[in-house]
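Everything below concerns the one structure shown next.
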Amino acid sequence: MAKKKGKKIRIAFKKNRQKKVRKNKLSSHRVDEQIDSQYMDLTERLSGKGDLTRHRTVMGVEQETQDGTAIVIDIDESTCLKGRVIQSQGLNSIVQSEEGTRYDCTVRRLVRTMSRDDRNAVVAGDHVLIRPEGDENQAVIERVEPRRSSLSRGSKRREHILVSNIDQAVIVVSADDPPLKPSLIDRFLISSEKGNIHSIICINKIDLVDPIEFQPLIGVYAQMGYDIVLTSIVDGTGISRLRSLLKGKQSVFSGQSGVGKSSLLNQIDSRLTLETAEISQENRKGRHTTRSAVLLEIESGGWVVDTPGIRQLELWDVIPEEVEGFFRDFCPFIPQCRFPDCSHTHETGCGVKRAVANDFISRQRYQSYLKIISGDEPRPVYHQT
């Protein structure tokens, strides 16, 4: 397919792009050439109030993505290398080129200051074009290619993308210590499906409880078509099956702190030596050991991403009216609702509530749905020991 020819596109930038703010009238100040050059750029104009213009015309093309339309900026690709972001923190990233060389990269100012909903211009998993410069293995990220998938959450009214361009999310929960949160599973399932990612539910630390306790929970998700795997690093339960599910795939391990994501990865590939920590005995919550998302190549083939643990998951760009569409077990009963805009909470003649009353839909799943649309924080499920 021939590449589309770039055209002039007007794009928005962040409000705080400027390095300096002009005070009073420019004519009333004598500004030396060194300071003047910091903000008198030919491509950006100073307004009467001293702020840089928030729009700029660039050459590029508009390309359809999973989230809508993305701007692909025109650059001189002959001077660049293709690569994948292995790890990203702030404005610094580690990028592995197609030849296998790793570069310490900064982000081009044009890329990092474009207006967007997500917090970071570059995230782990991004496909990028980099331009080597300066010292050996130093480069600048010139362009981020449109993402085909992503796992994200809401953070301070902005999108926090955990990782991009992956095939599947392994949603890791613990059977106990810390206690399992069913609603958190459902939130991750919605976030994965929203980001065009296949989901696998992994119940870890199964050695701490009687597995029979989880058969009803397993049955609910298995009937909806989700892959379920029970694991334990103590006796090796499920490790080989989990390894086979990861083979040849690009997967992200996600879940709350302390459920054993890093420990599982160390078991899957003995070459990995990820840091782990014990659960706090005071509050039965996990301690953060993984600081940022990192892509790791595994021996059996494929890549995995170990992400920092979280204690809550705020869904991004999902309104209450959309939630029912992500609950697969609701779909057969929604057409039976009396009202087309039924919220399945208080209405009479609701097909979903009737299905819950007749045990066709899990009551736990229905309660999870109610918590999500109301914005309530997921509650943990404790097991007696």
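Ligands are numbered from 1 in the order shown, residues from 1 within each chain, and chains are lettered A, B, ... in the order they appear in the structure tokens.
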For this session: List every residue of stretch 73-299 of chain A that DSSP, applied to the backbone of this structure, assigns to strand (DSSP E), and report them as a PyMOL selection string.
Result: chain A and resi 73+81-89+92-97+102-107+127-132+138-144+150-155+158-164+168-174+198-204+227-230+249-254+294-297
Exercise. What's the 12 Å shell around A:Gly301, counting only C-alpha atoms, without same-chain residues fewer than 6 positions away, as an MDAnalysis selection string?
Worked result: chainID A and resid 243:251 268:269
For the selection just defined, write its residues with C-alpha atoms to a file, as a short mmCIF file (atom, residue, chain, number, x, y, z; two decimals), in the first residue's frame.
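Saved the output as out.cif:
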```cif
data_model
loop_
_atom_site.label_atom_id
_atom_site.label_comp_id
_atom_site.auth_asym_id
_atom_site.auth_seq_id
_atom_site.Cartn_x
_atom_site.Cartn_y
_atom_site.Cartn_z
CA ARG A 243 3.76 -20.47 30.11
CA SER A 244 1.99 -22.08 27.14
CA LEU A 245 -0.61 -19.28 27.05
CA LEU A 246 2.21 -16.73 26.83
CA LYS A 247 4.21 -18.49 24.11
CA GLY A 248 4.55 -16.38 21.00
CA LYS A 249 2.34 -13.63 22.41
CA GLN A 250 2.88 -10.12 23.72
CA SER A 251 1.30 -10.08 27.15
CA ILE A 268 7.90 -18.69 33.91
CA ASP A 269 11.43 -17.74 32.86
#
```
For this session: Assign secondary structure with DSSP using the backbone only, and return the residues of stretch 153-311 of chain A in helix (DSSP H, G or I) as a PyMOL selection string.
Result: chain A and resi 182-194+206-208+211-223+239-246+261-268
For this session: Take atom CA of A:Asp317 and atom CA of A:Gly154 and report the distance between them in Å, one decimal.
Result: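 One can read the atom CA of A:Asp317 to atom CA of A:Gly154 distance as 8.0 Å.
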For this session: Identify which of the residues A:Arg241, A:Lys261, A:His344, A:Arg157 lies closest to A:Lys205, counting only C-alpha atoms when measuring atom-to-atom distances.
Result: A:Lys261
Problem set entry | Distance in Å - atom CA of A:Pro132 versus atom CA of A:Thr113 |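 Interatomic distance here is 20.9 Å.
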Closest-contact table, stretch 158-254 of chain A side, partner stretch 357-378 of chain A, 7 Å, counting only C-alpha atoms, as a tab-separated table:
```
residue	atom	partner	partner_atom	distance
A:Lys181	CA	A:Pro378	CA	6.5
A:Ser183	CA	A:Ser368	CA	5.1
A:Leu184	CA	A:Pro378	CA	6.1
```
For this session: For stretch 137-148 of chain A, list every protein, DNA or RNA residue within 6 Å, evaluated using only C-alpha atoms, and leave out those in the same chain fewer than 4 positions away; present the list as an NGL selection string.
Result: :A and (103-108 or 127-133 or 165)
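By chain and then residue number, the residues within 9 Å of A:Ile203 are A:Ile171, A:Val172, A:Val173, A:Ser174, A:Ala175, A:Leu180, A:Ile201, A:Lys205, A:Ile206, A:Ile228, A:Val229, A:Leu230, A:Thr231, A:Ser232, A:Val259, counting only C-alpha atoms and disregarding those fewer than 2 positions away in sequence.
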Seminar exercise, completed: One residue among A:Val323, A:Leu189, A:Asp235, A:Thr101 is nearest to A:Asp207 when using only C-alpha atoms, and that residue is A:Asp235
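Taking atom CA of A:Thr237 and atom CA of A:Val163 as endpoints, the distance between them is 27.8 Å.
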